[in-house]
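A short worksheet on the structure shown next.
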There are 2 protein chains.
Amino acid sequence: MLPITPLSLDSETPFYRQLCLQIRDLIGSGRLAKGSRLPATRELAGQLGLNRTTVSAAYELLEAEGLITGHVGRGSFVAGSPSAHESGIPWREILEPAAPISPAAPTSTPVAGFSSSRPSELLFPLEEFRETCAEVISSPDAQTILQLGSPSGYPPLRRYLLELARTEGIARDSDDILITSGCQQAFDLVQRTLVRNGETVLLEDPVYLGQKNAFERGGARLVGVPMGTNGIDLESLERSIAREHPRLLAVTSNFQNPTGATLSLASRKALLGITQAAGVIVIENDIYGGLTYEGEPIPTIKRLDDTGDVVLLRSFSKLAFPGLRVGWVIGPRALIEKLTEAKLWSDLHTDQLSQAVLLRFAESGRLAEHRRRMLESGRDRLRAALNACELYLPAEASFTRPRGGMSLWVTLPAPLDAGELLPRAERQGVTYLPGRYFAVSHSQSSSLRISFAGMAPDQIREGIAVLGRIFKEELERVRAHSPLAETPAMV
Amino acid sequence: MLPITPLSLDSETPFYRQLCLQIRDLIGSGRLAKGSRLPATRELAGQLGLNRTTVSAAYELLEAEGLITGHVGRGSFVAGSPSAHESGIPWREILEPAAPISPAAPTSTPVAGFSSSRPSELLFPLEEFRETCAEVISSPDAQTILQLGSPSGYPPLRRYLLELARTEGIARDSDDILITSGCQQAFDLVQRTLVRNGETVLLEDPVYLGQKNAFERGGARLVGVPMGTNGIDLESLERSIAREHPRLLAVTSNFQNPTGATLSLASRKALLGITQAAGVIVIENDIYGGLTYEGEPIPTIKRLDDTGDVVLLRSFSKLAFPGLRVGWVIGPRALIEKLTEAKLWSDLHTDQLSQAVLLRFAESGRLAEHRRRMLESGRDRLRAALNACELYLPAEASFTRPRGGMSLWVTLPAPLDAGELLPRAERQGVTYLPGRYFAVSHSQSSSLRISFAGMAPDQIREGIAVLGRIFKEELERVRAHSPLAETPAMV
């Protein structure tokens with residue numbers, strides 16, 4: 001039997017490629033010697049629980065690489081080794097195996113793609129964007145924009161954003177700003193600058209995979225603090241801080257990804273009290289704060305913080321054009337100085353054309369106008385999603401009720417596993433991200449993220465109806481097979 | 001007894017600071033209450049096996065922060081808690097001191113700014129750039145460009161560049177491509193993916209500061225291999241490899257920054273032989289290769305490499321618009337896969353607007369036309385620089401004679417120090433970068449980089465004339481003060 005480890009359901013890499021890679025490694029490491037016979041496709045498919053065509057596709061790839069040869073009626077044999085080939089550096093050995101990557105942005109999904117937390121491109125104001133670009137490139141500053149820039153960011157954009165933050169009471173005189181290539185880079189730079197190998201970082205649990213990976217790849221020790229329906233659970237936070245002595249806490253104040261949960265004003269103040277008493281650095285991720293569809297926005301933690309120590313992360317990506325990678329960090333000057341140095345040696349500076357275009361888009365009032373439309377459509381989409389959840393999900397399921405942002409979080413009744421049910425949903429044209437993608441220290445297998453912002457209301461309803469049907473069917477099936485679960489205790 | 005955990009011998013943080021941080025935590029967490037008495041310095045030093053001055057230094061720091069107060073004859077007492085202060089997080093202590101950064105891009109210099117290796121913005125084809133942007137934003141693909149993209153890069157740009165590299169015989173079937181935010185990010189990703197903490201990396205010496213910093217910040221151990229007038233010195237390289245067992249070698253084939261040196265065809269082949277025999281990964285930095293002003297370009301090391309293992313870095317920055325951060329890496333598929341994963345968690349992906357604009361700029365033939373003009377003006381500037389060096393520098397100075405690129409390297413006769421002379425040059429309106437910015441393992445204090453590409457020929461001549469005068473004057477002054485240097489030995 002071939003020693004094949006279970007293929008990853010999460011990987012972007014299709015099964016046949018994963019299988020091909022594993023067999024190539026077996027050949028490369030000598031565990032499958034030249035001349036040895038591979039199992040028949042039917043046999044290997046049986047062993048791995050795969051479709052036979054998947055195994056055939058893997059064999060074809062290996063044959064194309066010259067690693068195996070097939071003989072009709074006799075089977076396939078190892079013909080050579082990847083390292084015996086021209087290539088001298090044993091790349092597969094040097095490189096650690098790839099970590100699971102969340103699925104790619106949804107390809108076209110016939111019914112509804114709930115798996116990506118991003119705005120619909122149909123809402124992009126292309127005409128206004130064209131005008132903005134034309135204005136920027138015709139401006140006397142065009143030469144400067146196209147020339148090498150500053151690691152801190154395009155100076156007029158920095159001034160604009162810092163001034164805005166000062167007016168809003170968010171930035172203090174002791175604060176400074178750094179433009180980053182989106183919030184993902186801000187997390188990466190924070191990790192590089194503040195977290196030494198092995199130091200502990202507290203994250204919300206569940207949390208956006210990119211945040212987890214930014215810290216984990218830098219060698220941080222991650223501890224997840226459970227999320228409640230109103231944001232991070234403060235009692236757990238207090239206990240975790242006392243037990244783990246973390247260097248920092250990353251927290252999302254508004255419409256957290258993936259749960260959609262928002263911290264109340266009182267919770268924000270309490271969180272500040274807890275972290276300040278313990279000297280824990282707070283990184284406030286506020287990329288969804290601009291997308292409050294209902295009610296009034298709550299002041300950021302940064303704004304409530306009298307010490308000025310809170311570090312605030314924001315971005316244009318969720319509101320405007322995610323393909324333009326522009327975010328920013330506001331925090332104490334001493335920290336921004338070090339983040340800027342880390343930024344310099346990471347990529348010199350963020351693309352200046354995009355910085356200039358987004359500045360012009362904001363300054364001209366077009367961003368405000370676009371935001372108004374985004375809030376309107378976001379409100380419709382959110383309502384459609386909440387109504388559909390109410391209407392179609394099993395009564396035993398629970399879900400969060402955000403007032404903004406892009407996602408909500410559904411928790412299915414036991415023993416349903418959202419990851420196991422995903423392939424069935426996909427076959428019916430609906431995608432989502434299962435809870436386990438967002439797990440830090442706690443299993444999130446019964447939950448799933450529904451990102452509604454990229455979908456029209458009708459699609460949202462239809463998609464959630466499909467999911468509801470699948471979940472209810474599965475619940476019935478499971479209960480039919482374990483009748484005792486429904487039997488009340490004999491007391 | 002204070003519950004102090006053993007101090008770390010490995011930490012970059014000095015003992016007194018580590019101790020200070022631990023005591024501060026004890027105070028912050030309430031385990032050391034306000035008013036409690038700290039042990040005498042002698043006592044704590046004994047408990048921890050530390051020097052008494054170390055403990056005193058920690059106490060001084062705590063006192064400076066207002067956390068403890070000392071009373072002569074009575075000892076030190078806890079006076080407050082870190083959170084009671086206005087700023088709770090001691091940023092300056094947490095953050096390591098800033099590393100030296102090379103001087104900022106030259107501000108306006110009345111005579112000549114030789115310190116930045118970048119094209120002149122006066123040569124930017126703004127009209128063509130405007131047209132290109134308009135075409136991109138009016139294309140049916142505009143929505144896709146503004147939407148979240150792929151970590152690998154904008155697919156049409158990847159296809160275009162890979163196809164081009166295949167046509168040129170540079171990329172093999174086993175190669176793949178990743179779009180990066182300029183070459184700086186490529187170095188950062190290579191470091192993250194290939195170099196574990198403490199592993200050895202061979203760099204050219206002198207070398208571009210950004211390359212050195214990208215590896216150093218990742219914890220690599222850097223060893224510089226001396227540069228000759230024809231690129232990296234192969235005998236030294238061979239010795240360094242035998243002695244240091246490096247993981248990889250980063251090498252610039254054409255017009256190296258800062259020396260301007262180019263490896264001959266024979267040297268490239270010899271380098272391949274040396275590195276392949278030792279299993280050392282070669283990272284070929286070729287950002288200047290497109291700027292060959294005189295003679296024929298020499299095939300890249302990547303092209304000469306039969307194994308396909310060489311990793312090639314290129315960029316649009318030196319040829320077109322440095323403010324648009326688009327570079328790329330071509331290398332074996334297994335490596336590109338891992339670099340792409342590192343890229344994903346660094347910043348999701350490179351800005352797509354710039355990728356699309358540069359693709360269109362290239363596909364439309366405008367890049368080729370722009371390059372023709374850049375080569376023409378580059379040739380004039382290079383000649384002006386070489387003639388002026390010949391004419392004005394002290395006869396005892398030596399300088400490289402590149403056939404392309406942006407910089408040449410001047411070495412002054414002993415005992416002149418290029419760094420010490422810089423302020424004098426700046427007062428006379430001329431800037432350059434002294435050799436020490438580029439030093440890895442060897443002092444480069446007698447050398448300086450003259451980056452000529454951003455300057456018109458007249459400015460170049462005038463600037464080098466000023467430098468020549470300063471260097472000659474200094475040489476005379478030094479000799480007048482040490483007459484023995486001119487006295488022949490009495491034999």
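Naming works like this for the structure tokens: A, B, ... for the chains as they're shown, residue 1 at the start of each chain, ligands 1 onward in shown order.
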
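For stretch 309-318 of chain B, the residues within 7 Å (counting only C-alpha atoms, excluding itself and residues fewer than 2 positions away along the chain) are Ser87, Gly88 and Ile89 of chain A; Arg118, Pro119, Gly182, Cys183, Ile281, Val282, Ile283, Glu284, Asn285, Asp286, Ile287, Tyr288, Lys302, Asp305, Thr307, Ala320, Phe321, Pro322, Arg325, Val326, Gly327, Trp328, Val329, Ile330, Gly331 and Pro332 of chain B.
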
At a cut-off of 7 Å, which residues of chain B touch chain A? Count only C-alpha atoms and give the answer as a PyMOL selection string. chain B and resi 28-29+83+86-89+91-92+98+121+130+137+143+145-149+181-182+184-185+188+210+213-214+276+279+306-309+321-325+334-335+338+345-348+351-353

Can you pull out the residues contacting A:Arg303? Cut-off 8 Å, using only C-alpha atoms, and skip same-chain residues under 4 positions away; I want them as a count of residues only. 4

Polymer residues at most 9 Å from A:Gly75, only C-alpha atoms, same-chain spacing of 5 or more positions, as a PyMOL selection string: chain A and resi 37-41+69-70

Within 6 Å of stretch 111-113 of chain A using only C-alpha atoms, minus same-chain residues under 4 positions, as a list in words: Gly429, Val430, Thr431, Gln459 and Gly463 of chain A

Per DSSP on the backbone, filter stretch 270-308 of chain A down to the residues in alpha helix (DSSP H) and report them as a list of chain:residue names. A:Ala270, A:Leu271, A:Leu272, A:Gly273, A:Ile274, A:Thr275, A:Gln276, A:Ala277, A:Ala278, A:Ile301, A:Lys302, A:Arg303, A:Leu304

Kindly save the residues from that selection, with N, CA and C atoms included, as a short mmCIF file (atom, residue, chain, number, x, y, z; two decimals), in the first residue's frame.
data_model
loop_
_atom_site.label_atom_id
_atom_site.label_comp_id
_atom_site.auth_asym_id
_atom_site.auth_seq_id
_atom_site.Cartn_x
_atom_site.Cartn_y
_atom_site.Cartn_z
N ALA A 270 -14.16 48.54 28.91
CA ALA A 270 -13.69 47.48 29.81
C ALA A 270 -12.43 46.82 29.26
N LEU A 271 -12.43 46.60 27.95
CA LEU A 271 -11.26 45.99 27.31
C LEU A 271 -10.02 46.85 27.53
N LEU A 272 -10.19 48.15 27.39
CA LEU A 272 -9.07 49.07 27.62
C LEU A 272 -8.56 48.96 29.05
N GLY A 273 -9.50 48.89 29.99
CA GLY A 273 -9.10 48.78 31.39
C GLY A 273 -8.28 47.52 31.62
N ILE A 274 -8.75 46.42 31.07
CA ILE A 274 -8.07 45.13 31.27
C ILE A 274 -6.67 45.15 30.66
N THR A 275 -6.59 45.61 29.42
CA THR A 275 -5.29 45.54 28.73
C THR A 275 -4.31 46.55 29.31
N GLN A 276 -4.81 47.73 29.69
CA GLN A 276 -3.89 48.72 30.25
C GLN A 276 -3.33 48.27 31.58
N ALA A 277 -4.17 47.66 32.40
CA ALA A 277 -3.69 47.19 33.70
C ALA A 277 -2.57 46.17 33.52
N ALA A 278 -2.68 45.38 32.44
CA ALA A 278 -1.69 44.31 32.26
C ALA A 278 -0.55 44.72 31.34
N ILE A 301 -11.84 51.92 19.79
CA ILE A 301 -11.08 51.75 21.03
C ILE A 301 -9.97 52.78 21.07
N LYS A 302 -9.35 53.00 19.92
CA LYS A 302 -8.28 54.00 19.82
C LYS A 302 -8.74 55.35 20.34
N ARG A 303 -9.96 55.71 19.99
CA ARG A 303 -10.47 57.01 20.39
C ARG A 303 -10.73 57.07 21.90
N LEU A 304 -11.13 55.94 22.45
CA LEU A 304 -11.47 55.89 23.88
C LEU A 304 -10.22 55.82 24.76
#

Could you tell me how far atom CA of B:Tyr208 sits from atom CA of B:Val190, in Å to one decimal place?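 The value is 16.0 Å.
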
9 Å contact set for A:Pro246, only C-alpha atoms, chain neighbours under 6 positions out, as a VMD selection string: chain A and resid 199 to 202 223 240 280 to 281

Residues of the last selection are to be written out with N, CA, C and O atoms, as a PDB file, in the first residue's frame.
ATOM      1  N   GLU A 199       6.921  34.490  21.454  1.00  0.00           N
ATOM      2  CA  GLU A 199       6.081  35.335  22.309  1.00  0.00           C
ATOM      3  C   GLU A 199       4.598  35.077  22.003  1.00  0.00           C
ATOM      4  O   GLU A 199       4.240  34.657  20.911  1.00  0.00           O
ATOM      5  N   THR A 200       3.782  35.382  22.993  1.00  0.00           N
ATOM      6  CA  THR A 200       2.366  35.045  22.877  1.00  0.00           C
ATOM      7  C   THR A 200       1.541  36.211  22.342  1.00  0.00           C
ATOM      8  O   THR A 200       1.717  37.353  22.759  1.00  0.00           O
ATOM      9  N   VAL A 201       0.659  35.878  21.425  1.00  0.00           N
ATOM     10  CA  VAL A 201      -0.275  36.848  20.859  1.00  0.00           C
ATOM     11  C   VAL A 201      -1.683  36.329  21.089  1.00  0.00           C
ATOM     12  O   VAL A 201      -1.960  35.160  20.838  1.00  0.00           O
ATOM     13  N   LEU A 202      -2.541  37.188  21.601  1.00  0.00           N
ATOM     14  CA  LEU A 202      -3.943  36.810  21.765  1.00  0.00           C
ATOM     15  C   LEU A 202      -4.730  37.231  20.534  1.00  0.00           C
ATOM     16  O   LEU A 202      -4.652  38.389  20.105  1.00  0.00           O
ATOM     17  N   VAL A 223      -2.827  32.309  20.979  1.00  0.00           N
ATOM     18  CA  VAL A 223      -3.853  31.850  21.908  1.00  0.00           C
ATOM     19  C   VAL A 223      -5.163  32.521  21.504  1.00  0.00           C
ATOM     20  O   VAL A 223      -5.221  33.746  21.365  1.00  0.00           O
ATOM     21  N   SER A 240      -7.114  34.873  30.069  1.00  0.00           N
ATOM     22  CA  SER A 240      -6.002  34.570  29.154  1.00  0.00           C
ATOM     23  C   SER A 240      -4.809  35.476  29.415  1.00  0.00           C
ATOM     24  O   SER A 240      -3.659  35.043  29.365  1.00  0.00           O
ATOM     25  N   VAL A 280      -0.700  45.160  28.122  1.00  0.00           N
ATOM     26  CA  VAL A 280      -0.789  44.416  26.858  1.00  0.00           C
ATOM     27  C   VAL A 280      -1.082  45.399  25.719  1.00  0.00           C
ATOM     28  O   VAL A 280      -1.988  46.223  25.829  1.00  0.00           O
ATOM     29  N   ILE A 281      -0.311  45.310  24.650  1.00  0.00           N
ATOM     30  CA  ILE A 281      -0.514  46.191  23.495  1.00  0.00           C
ATOM     31  C   ILE A 281      -1.801  45.790  22.767  1.00  0.00           C
ATOM     32  O   ILE A 281      -2.032  44.607  22.531  1.00  0.00           O
TER      33      ILE A 281
END

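Between atom CA of B:Leu67 and atom CA of A:Ala250 the separation is 26.9 Å.
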
With a distance cut-off of 12 Å and only C-alpha atoms, select the neighbouring residues of B:Arg17, excluding the residue or stretch itself and same-chain residues fewer than 4 positions from it, and output the selection as a PyMOL selection string. chain B and resi 7-8+11-13+21-24+54-62+90+92-96

Mind giving me the straight-line distance from atom CA of B:Ile4 to atom CA of A:Leu222 in Å, one decimal?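 Separating atom CA of B:Ile4 from atom CA of A:Leu222 is a distance of 23.8 Å.
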
Write out as a PyMOL selection string the set of residues from stretch 6-93 of chain B that DSSP, computed on the backbone, places in strand (DSSP E or B). chain B and resi 37+68-71+75-78
